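Q: Structure file coords.txt, compact mmCIF, C-alpha atoms and all ligand atoms, is pasted below:
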```txt
# COMPACT_ATOMS: atom_id res chain seq x y z
CA MET A 1392 -41.70 -79.96 -55.31
CA GLN A 1393 -44.19 -77.32 -54.26
CA LYS A 1394 -45.42 -75.25 -57.19
CA LYS A 1395 -44.10 -71.71 -57.52
CA ILE A 1396 -46.74 -69.08 -58.09
CA THR A 1397 -46.66 -65.47 -59.29
CA ILE A 1398 -47.62 -62.81 -56.76
CA ALA A 1399 -48.57 -59.31 -57.95
CA ILE A 1400 -48.66 -56.48 -55.41
CA ASP A 1401 -50.01 -53.10 -56.51
CA GLY A 1402 -51.10 -49.95 -54.75
CA PHE A 1403 -50.51 -46.29 -54.05
CA ALA A 1404 -47.14 -44.72 -53.30
CA ALA A 1405 -45.59 -45.47 -49.90
CA CYS A 1406 -48.24 -47.85 -48.59
CA GLY A 1407 -45.73 -50.59 -47.83
CA LYS A 1408 -45.88 -52.62 -51.05
CA SER A 1409 -42.15 -53.18 -51.44
CA THR A 1410 -41.58 -54.00 -47.78
CA LEU A 1411 -44.35 -56.59 -47.89
CA ALA A 1412 -43.24 -57.97 -51.27
CA LYS A 1413 -39.65 -58.30 -50.08
CA SER A 1414 -40.45 -60.13 -46.86
CA LEU A 1415 -42.97 -62.37 -48.63
CA ALA A 1416 -40.35 -63.30 -51.24
CA GLN A 1417 -37.79 -63.98 -48.50
CA GLU A 1418 -40.19 -66.22 -46.63
CA LEU A 1419 -41.13 -68.20 -49.76
CA HIS A 1420 -37.62 -68.21 -51.30
CA TYR A 1421 -39.00 -66.38 -54.32
CA THR A 1422 -37.46 -63.57 -56.38
CA PHE A 1423 -38.52 -60.07 -55.37
CA ILE A 1424 -38.71 -57.33 -57.99
CA ASP A 1425 -39.51 -53.71 -57.17
CA SER A 1426 -40.77 -52.52 -60.56
CA GLY A 1427 -40.99 -48.91 -59.33
CA ALA A 1428 -37.19 -48.92 -59.03
CA MET A 1429 -37.00 -49.55 -62.78
CA TYR A 1430 -39.17 -46.49 -63.55
CA ARG A 1431 -37.04 -44.51 -61.11
CA ALA A 1432 -33.91 -45.66 -62.97
CA ILE A 1433 -35.23 -44.24 -66.25
CA ALA A 1434 -36.24 -41.02 -64.49
CA PHE A 1435 -32.72 -40.78 -63.08
CA TYR A 1436 -31.30 -41.33 -66.57
CA CYS A 1437 -33.46 -38.47 -67.89
CA LEU A 1438 -32.24 -36.13 -65.15
CA GLU A 1439 -28.58 -37.05 -65.60
CA ASN A 1440 -28.78 -36.63 -69.36
CA HIS A 1441 -30.69 -33.34 -69.23
CA LEU A 1442 -33.71 -34.78 -70.99
CA ILE A 1443 -36.08 -32.82 -68.74
CA ASP A 1444 -36.20 -29.08 -69.31
CA HIS A 1445 -36.78 -26.33 -66.72
CA SER A 1446 -40.54 -26.47 -67.10
CA GLY A 1447 -40.49 -30.21 -66.39
CA GLU A 1448 -41.09 -31.15 -70.02
CA ILE A 1449 -39.44 -34.44 -71.11
CA GLN A 1450 -37.66 -34.42 -74.46
CA LEU A 1451 -39.50 -37.43 -75.76
CA ASP A 1452 -37.69 -37.83 -79.08
CA HIS A 1453 -34.32 -37.76 -77.31
CA LEU A 1454 -35.44 -40.23 -74.66
CA GLU A 1455 -36.89 -42.62 -77.22
CA LYS A 1456 -33.66 -42.51 -79.21
CA HIS A 1457 -31.70 -43.34 -76.03
CA LEU A 1458 -34.03 -46.08 -74.74
CA ASP A 1459 -32.19 -48.96 -76.41
CA ASN A 1460 -28.97 -47.84 -74.75
CA ILE A 1461 -30.44 -47.95 -71.28
CA GLN A 1462 -29.53 -51.14 -69.50
CA ILE A 1463 -31.12 -51.83 -66.12
CA GLU A 1464 -29.92 -54.67 -63.91
CA MET A 1465 -31.09 -55.72 -60.46
CA SER A 1466 -29.07 -57.88 -58.11
CA PRO A 1467 -30.49 -60.37 -55.61
CA GLU A 1468 -29.28 -57.97 -52.88
CA GLN A 1469 -31.68 -55.35 -54.27
CA LYS A 1470 -29.01 -53.18 -55.81
CA ILE A 1471 -30.00 -51.50 -59.04
CA TYR A 1472 -27.58 -50.64 -61.82
CA LEU A 1473 -28.06 -48.28 -64.73
CA ASN A 1474 -25.54 -49.08 -67.47
CA LYS A 1475 -23.36 -50.71 -64.77
CA GLN A 1476 -23.53 -47.70 -62.41
CA ASP A 1477 -24.92 -48.43 -58.95
CA ILE A 1478 -27.90 -46.07 -58.56
CA THR A 1479 -29.57 -47.81 -55.59
CA ASP A 1480 -29.49 -44.74 -53.33
CA ALA A 1481 -29.65 -42.13 -56.07
CA ILE A 1482 -33.16 -43.20 -57.18
CA ARG A 1483 -34.65 -42.72 -53.69
CA THR A 1484 -34.25 -38.95 -53.61
CA PRO A 1485 -37.04 -36.33 -53.86
CA ARG A 1486 -35.35 -35.15 -57.08
CA VAL A 1487 -36.22 -38.46 -58.75
CA ALA A 1488 -39.59 -38.81 -56.97
CA ASN A 1489 -40.66 -35.47 -58.41
CA VAL A 1490 -40.31 -36.55 -62.05
CA VAL A 1491 -40.83 -40.31 -62.00
CA SER A 1492 -44.61 -40.34 -62.56
CA GLN A 1493 -44.20 -38.26 -65.66
CA VAL A 1494 -41.56 -40.62 -67.00
CA ALA A 1495 -43.74 -43.62 -66.12
CA SER A 1496 -46.59 -42.22 -68.21
CA ILE A 1497 -44.59 -42.64 -71.45
CA LYS A 1498 -45.83 -45.56 -73.53
CA THR A 1499 -42.43 -46.59 -74.95
CA VAL A 1500 -40.87 -46.56 -71.47
CA ARG A 1501 -43.64 -48.81 -70.17
CA SER A 1502 -43.37 -51.25 -73.10
CA LYS A 1503 -39.65 -51.63 -72.54
CA LEU A 1504 -39.99 -52.21 -68.80
CA VAL A 1505 -43.03 -54.50 -69.03
CA GLU A 1506 -41.09 -56.74 -71.42
CA ILE A 1507 -38.15 -56.99 -68.99
CA GLN A 1508 -40.53 -57.61 -66.07
CA ARG A 1509 -42.29 -60.45 -67.91
CA GLN A 1510 -38.94 -62.07 -68.70
CA MET A 1511 -37.99 -61.84 -65.03
CA GLY A 1512 -41.20 -63.60 -64.02
CA ALA A 1513 -41.34 -66.13 -66.84
CA ASN A 1514 -40.75 -69.10 -64.52
CA GLY A 1515 -43.01 -68.06 -61.63
CA GLY A 1516 -41.63 -67.94 -58.08
CA ILE A 1517 -41.73 -64.16 -58.17
CA VAL A 1518 -43.20 -61.38 -56.06
CA MET A 1519 -43.35 -58.13 -58.01
CA ASP A 1520 -44.72 -54.86 -56.75
CA GLY A 1521 -45.80 -51.80 -58.71
CA ARG A 1522 -48.89 -50.18 -60.15
CA ASP A 1523 -49.88 -52.38 -63.11
CA ILE A 1524 -48.52 -55.78 -62.11
CA GLY A 1525 -51.88 -57.48 -61.57
CA THR A 1526 -53.59 -55.67 -64.44
CA VAL A 1527 -50.96 -55.59 -67.21
CA VAL A 1528 -47.65 -57.31 -66.42
CA PHE A 1529 -49.03 -60.55 -64.94
CA PRO A 1530 -52.79 -60.58 -65.51
CA ASN A 1531 -52.74 -64.33 -64.78
CA ALA A 1532 -50.91 -64.05 -61.45
CA GLU A 1533 -52.27 -66.59 -58.97
CA LEU A 1534 -52.30 -64.04 -56.15
CA LYS A 1535 -52.97 -60.33 -56.56
CA ILE A 1536 -52.84 -57.99 -53.60
CA PHE A 1537 -53.90 -54.33 -53.76
CA VAL A 1538 -52.35 -52.41 -50.88
CA THR A 1539 -53.80 -49.20 -49.46
CA ALA A 1540 -53.13 -46.98 -46.43
CA SER A 1541 -54.33 -43.54 -45.36
CA ALA A 1542 -52.48 -40.55 -46.82
CA GLU A 1543 -51.35 -39.54 -43.30
CA VAL A 1544 -49.82 -42.92 -42.52
CA ARG A 1545 -48.11 -43.07 -45.91
CA THR A 1546 -46.68 -39.57 -45.47
CA GLN A 1547 -45.28 -40.35 -42.04
CA ARG A 1548 -43.71 -43.60 -43.25
CA ARG A 1549 -42.05 -41.98 -46.27
CA LEU A 1550 -40.92 -38.98 -44.20
CA ALA A 1551 -39.27 -41.28 -41.64
CA GLU A 1552 -37.54 -43.18 -44.45
CA LEU A 1553 -36.16 -40.01 -46.05
CA MET A 1554 -35.09 -38.48 -42.72
CA ALA A 1555 -33.26 -41.69 -41.80
CA LYS A 1556 -31.27 -41.28 -45.00
CA GLY A 1557 -30.43 -37.70 -44.16
CA GLU A 1558 -32.65 -36.13 -46.86
CA ARG A 1559 -33.82 -32.64 -45.97
CA THR A 1560 -37.56 -32.51 -46.45
CA ASP A 1561 -40.79 -31.89 -44.54
CA THR A 1562 -44.25 -33.37 -44.04
CA ARG A 1563 -45.93 -30.99 -46.46
CA SER A 1564 -43.68 -31.63 -49.43
CA VAL A 1565 -43.63 -35.39 -48.86
CA GLN A 1566 -47.43 -35.53 -48.73
CA GLN A 1567 -47.74 -33.28 -51.75
CA ASN A 1568 -45.42 -35.51 -53.76
CA LEU A 1569 -47.29 -38.69 -52.76
CA LEU A 1570 -50.71 -37.28 -53.60
CA GLN A 1571 -49.54 -35.77 -56.84
CA ARG A 1572 -47.94 -39.05 -57.90
CA ASP A 1573 -51.07 -41.02 -56.95
CA HIS A 1574 -53.12 -38.65 -59.07
CA LEU A 1575 -50.78 -38.85 -62.08
CA ASP A 1576 -50.39 -42.64 -61.73
CA SER A 1577 -54.16 -43.26 -61.50
CA THR A 1578 -55.23 -40.90 -64.25
CA ARG A 1579 -52.58 -41.50 -66.92
CA LYS A 1580 -53.61 -43.02 -70.25
CA GLU A 1581 -51.10 -45.89 -70.31
CA SER A 1582 -51.72 -48.67 -67.78
CA PRO A 1583 -53.00 -46.47 -64.96
CA LEU A 1584 -52.78 -47.64 -61.36
CA ALA A 1585 -55.90 -49.71 -60.83
CA GLN A 1586 -57.09 -52.54 -58.66
CA ALA A 1587 -57.44 -55.75 -60.70
CA SER A 1588 -60.95 -57.14 -60.43
CA ASP A 1589 -59.56 -60.31 -58.84
CA ALA A 1590 -57.19 -58.56 -56.40
CA ILE A 1591 -57.60 -58.77 -52.61
CA VAL A 1592 -57.34 -55.45 -50.76
CA LEU A 1593 -54.95 -55.05 -47.83
CA ASP A 1594 -55.24 -51.83 -45.82
CA THR A 1595 -51.93 -51.42 -43.97
CA SER A 1596 -52.88 -48.25 -42.04
CA ASN A 1597 -53.17 -50.11 -38.74
CA LEU A 1598 -51.03 -53.17 -39.35
CA ASN A 1599 -47.36 -53.60 -38.56
CA ARG A 1600 -44.98 -55.42 -40.91
CA GLU A 1601 -45.38 -58.79 -39.16
CA GLU A 1602 -49.17 -58.57 -39.34
CA GLN A 1603 -49.06 -57.69 -43.03
CA LEU A 1604 -46.76 -60.61 -43.76
CA ALA A 1605 -48.90 -63.05 -41.78
CA TRP A 1606 -51.98 -61.88 -43.70
CA ALA A 1607 -50.26 -62.41 -47.07
CA LEU A 1608 -48.73 -65.76 -46.10
CA GLU A 1609 -52.14 -67.02 -45.15
CA LYS A 1610 -53.43 -66.11 -48.65
CA VAL A 1611 -50.45 -67.90 -50.23
CA GLN A 1612 -50.93 -71.04 -48.13
CA ARG A 1613 -54.51 -71.28 -49.31
CA LEU A 1614 -53.30 -71.36 -52.91
CA LEU A 1615 -50.49 -73.86 -52.51
O1 LIG B 1701 -43.20 -47.74 -56.27
P1 LIG B 1701 -42.46 -46.42 -56.48
O2 LIG B 1701 -43.04 -45.28 -55.69
O3 LIG B 1701 -41.00 -46.54 -56.32
O4 LIG B 1701 -42.72 -46.08 -58.04
C1 LIG B 1701 -42.19 -44.95 -58.65
C2 LIG B 1701 -43.12 -44.48 -59.75
O5 LIG B 1701 -43.09 -45.40 -60.84
C3 LIG B 1701 -44.57 -44.30 -59.37
O6 LIG B 1701 -44.88 -42.94 -59.19
C4 LIG B 1701 -45.35 -44.87 -60.50
C5 LIG B 1701 -44.38 -45.58 -61.36
N1 LIG B 1701 -44.65 -47.02 -61.48
C6 LIG B 1701 -45.48 -47.43 -62.50
O7 LIG B 1701 -46.03 -46.59 -63.21
N2 LIG B 1701 -45.68 -48.74 -62.71
C7 LIG B 1701 -45.10 -49.66 -61.93
N3 LIG B 1701 -45.31 -50.97 -62.17
C8 LIG B 1701 -44.27 -49.26 -60.85
C9 LIG B 1701 -44.08 -47.92 -60.64
```
Here is the file; what I need is its structure written in the form of structure tokens.
Ligand code: DC
A:
Amino acid sequence: MQKKITIAIDGFAACGKSTLAKSLAQELHYTFIDSGAMYRAIAFYCLENHLIDHSGEIQLDHLEKHLDNIQIEMSPEQKIYLNKQDITDAIRTPRVANVVSQVASIKTVRSKLVEIQRQMGANGGIVMDGRDIGTVVFPNAELKIFVTASAEVRTQRRLAELMAKGERTDTRSVQQNLLQRDHLDSTRKESPLAQASDAIVLDTSNLNREEQLAWALEKVQRLL
């Protein structure tokens, strides 16, 4: 049997990480995990339980008390459940995007999610995308890809995604959210977004999905 490797895909918001990770996993018959969805699930929990006040401050002691009661499950069909409630669509809204980086900067939140992520990948055969997968979650991953794309391309892609879902938003606020999240994610104290020293960079600005997949598959084939 061909060996099953671990593939870590990191990068900035909306540069195509999840799309690439998903199609790569499909092609290889691996498990795909979108770790960002897990941070979004906790952000959603905070919003629903009024743990974020009007000034955007998170009630840390409350959240930490609740953390053990938060159960996150992901199905092979990419549905995500928070304490059995299907929140797949609810976590993709600007409301969640606006607070998720702040939630993801909390050490106890990260420890909880990193533990779950490592369990999910314990047997290899996984493609996980996020911000700290190659640096913290799977530092020994056989293949690490760091995805980038210009801010303009990322904004247009995310805008198209949101519009297709009927969200009312505009170029300026989408770009602002992406840049603000990139800043918070790269400058936070706990596991900031960073390129692992052994990661290969993929700039998706001028590549379509098929070209990105072909590029990644070629890297995998070299390893297998
Ligand atoms: O990939 P995404 O945009 O859905 O991620 C949502 C947020 O979660 C993002 O702003 C940063 C955070 N995140 C993180 O800190 N670590 C990860 N492994 C994945 C996401």
Q: Which chains and residue numbers are within 7 Å of ligand LIG 1701 (chain B), counting all atoms listed in the file, if I want them as a PyMOL selection string?
A: chain A and resi 1404-1405+1426-1428+1430-1431+1488+1491-1492+1495-1496+1520-1524+1572-1573+1576
Q: From the options A:Leu1415, A:Leu1615, A:Ile1461, A:Val1565, which residue's atoms come nearest to A:Asn1440, counting all atoms listed in the file?
A: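 Between A:Leu1415, A:Leu1615, A:Ile1461, A:Val1565, the residue approaching A:Asn1440 most closely is A:Ile1461.
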Q: Measuring atom to atom with only C-alpha atoms, identify which of A:Phe1529, A:Phe1435, A:Phe1423, A:Tyr1472 is nearest to A:Thr1484.
A: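 Ranked by minimum distance to A:Thr1484, first place goes to A:Phe1435.
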Q: Of the residues A:Asp1459, A:Glu1418, A:Asp1444, A:Glu1543, which is the one nearest to A:Leu1608, using only C-alpha atoms?
A: A:Glu1418
Q: Grab the atom CA of A:Glu1581 to atom CA of A:Ala1481 distance for me, in Å with one decimal place.
A: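 Result for atom CA of A:Glu1581 versus atom CA of A:Ala1481: 26.0 Å, one decimal.
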Q: Go through A:Ser1502, A:Thr1539, A:Thr1560, A:Thr1595 one by one, measure the shortest atom-to-atom distance of each to A:Gly1402 using all atoms listed in the file, and give the residue with the smallest value.
A: A:Thr1539
Q: Taking the partial coordinates given, rebuild stretch 1489-1500 of chain A to contain all heavy atoms; return it as a compact mmCIF listing (two decimals), in the frame of the given file.
A:
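Result written to rebuild.txt:
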```
# COMPACT_ATOMS: atom_id res chain seq x y z
N ASN A 1489 -39.89 -36.56 -57.82
CA ASN A 1489 -40.66 -35.47 -58.41
C ASN A 1489 -40.92 -35.63 -59.91
O ASN A 1489 -41.83 -35.01 -60.44
CB ASN A 1489 -39.95 -34.12 -58.18
CG ASN A 1489 -40.11 -33.68 -56.75
OD1 ASN A 1489 -41.05 -34.08 -56.07
ND2 ASN A 1489 -39.19 -32.87 -56.26
N VAL A 1490 -40.13 -36.43 -60.59
CA VAL A 1490 -40.31 -36.55 -62.05
C VAL A 1490 -40.72 -37.95 -62.50
O VAL A 1490 -41.09 -38.15 -63.66
CB VAL A 1490 -39.03 -36.12 -62.83
CG1 VAL A 1490 -38.72 -34.66 -62.59
CG2 VAL A 1490 -37.84 -36.99 -62.49
N VAL A 1491 -40.66 -38.92 -61.56
CA VAL A 1491 -40.83 -40.31 -62.00
C VAL A 1491 -42.22 -40.62 -62.59
O VAL A 1491 -42.33 -41.38 -63.56
CB VAL A 1491 -40.43 -41.32 -60.88
CG1 VAL A 1491 -41.37 -41.25 -59.69
CG2 VAL A 1491 -40.37 -42.73 -61.42
N SER A 1492 -43.27 -40.03 -62.03
CA SER A 1492 -44.61 -40.34 -62.56
C SER A 1492 -44.76 -39.90 -64.00
O SER A 1492 -45.41 -40.57 -64.80
CB SER A 1492 -45.69 -39.68 -61.72
OG SER A 1492 -45.81 -40.35 -60.51
N GLN A 1493 -44.13 -38.77 -64.29
CA GLN A 1493 -44.20 -38.26 -65.66
C GLN A 1493 -43.47 -39.20 -66.62
O GLN A 1493 -43.97 -39.52 -67.70
CB GLN A 1493 -43.54 -36.89 -65.69
CG GLN A 1493 -44.17 -35.95 -66.68
CD GLN A 1493 -43.38 -34.68 -66.75
OE1 GLN A 1493 -42.77 -34.27 -65.75
NE2 GLN A 1493 -43.37 -34.06 -67.90
N VAL A 1494 -42.33 -39.68 -66.18
CA VAL A 1494 -41.56 -40.62 -67.00
C VAL A 1494 -42.34 -41.94 -67.17
O VAL A 1494 -42.37 -42.53 -68.25
CB VAL A 1494 -40.16 -40.88 -66.38
CG1 VAL A 1494 -39.41 -41.97 -67.11
CG2 VAL A 1494 -39.34 -39.59 -66.36
N ALA A 1495 -43.01 -42.36 -66.08
CA ALA A 1495 -43.74 -43.62 -66.12
C ALA A 1495 -45.01 -43.54 -66.96
O ALA A 1495 -45.66 -44.56 -67.22
CB ALA A 1495 -44.10 -44.06 -64.70
N SER A 1496 -45.37 -42.35 -67.39
CA SER A 1496 -46.59 -42.22 -68.21
C SER A 1496 -46.28 -42.40 -69.71
O SER A 1496 -47.18 -42.42 -70.53
CB SER A 1496 -47.26 -40.87 -67.96
OG SER A 1496 -46.44 -39.85 -68.49
N ILE A 1497 -44.99 -42.54 -70.04
CA ILE A 1497 -44.59 -42.64 -71.45
C ILE A 1497 -44.73 -44.09 -71.95
O ILE A 1497 -44.15 -45.02 -71.38
CB ILE A 1497 -43.14 -42.14 -71.63
CG1 ILE A 1497 -43.03 -40.69 -71.14
CG2 ILE A 1497 -42.69 -42.27 -73.08
CD1 ILE A 1497 -41.62 -40.16 -71.03
N LYS A 1498 -45.49 -44.24 -73.02
CA LYS A 1498 -45.83 -45.56 -73.53
C LYS A 1498 -44.59 -46.42 -73.86
O LYS A 1498 -44.52 -47.59 -73.49
CB LYS A 1498 -46.67 -45.38 -74.79
CG LYS A 1498 -47.28 -46.63 -75.31
CD LYS A 1498 -48.19 -46.34 -76.48
CE LYS A 1498 -48.77 -47.68 -76.94
NZ LYS A 1498 -49.71 -47.54 -77.99
N THR A 1499 -43.61 -45.82 -74.55
CA THR A 1499 -42.43 -46.59 -74.95
C THR A 1499 -41.59 -47.03 -73.74
O THR A 1499 -41.00 -48.10 -73.74
CB THR A 1499 -41.55 -45.78 -75.92
OG1 THR A 1499 -41.45 -44.44 -75.43
CG2 THR A 1499 -42.14 -45.74 -77.31
N VAL A 1500 -41.58 -46.19 -72.71
CA VAL A 1500 -40.87 -46.56 -71.47
C VAL A 1500 -41.56 -47.77 -70.85
O VAL A 1500 -40.93 -48.77 -70.47
CB VAL A 1500 -40.85 -45.37 -70.48
CG1 VAL A 1500 -40.37 -45.80 -69.10
CG2 VAL A 1500 -39.99 -44.23 -71.01
```
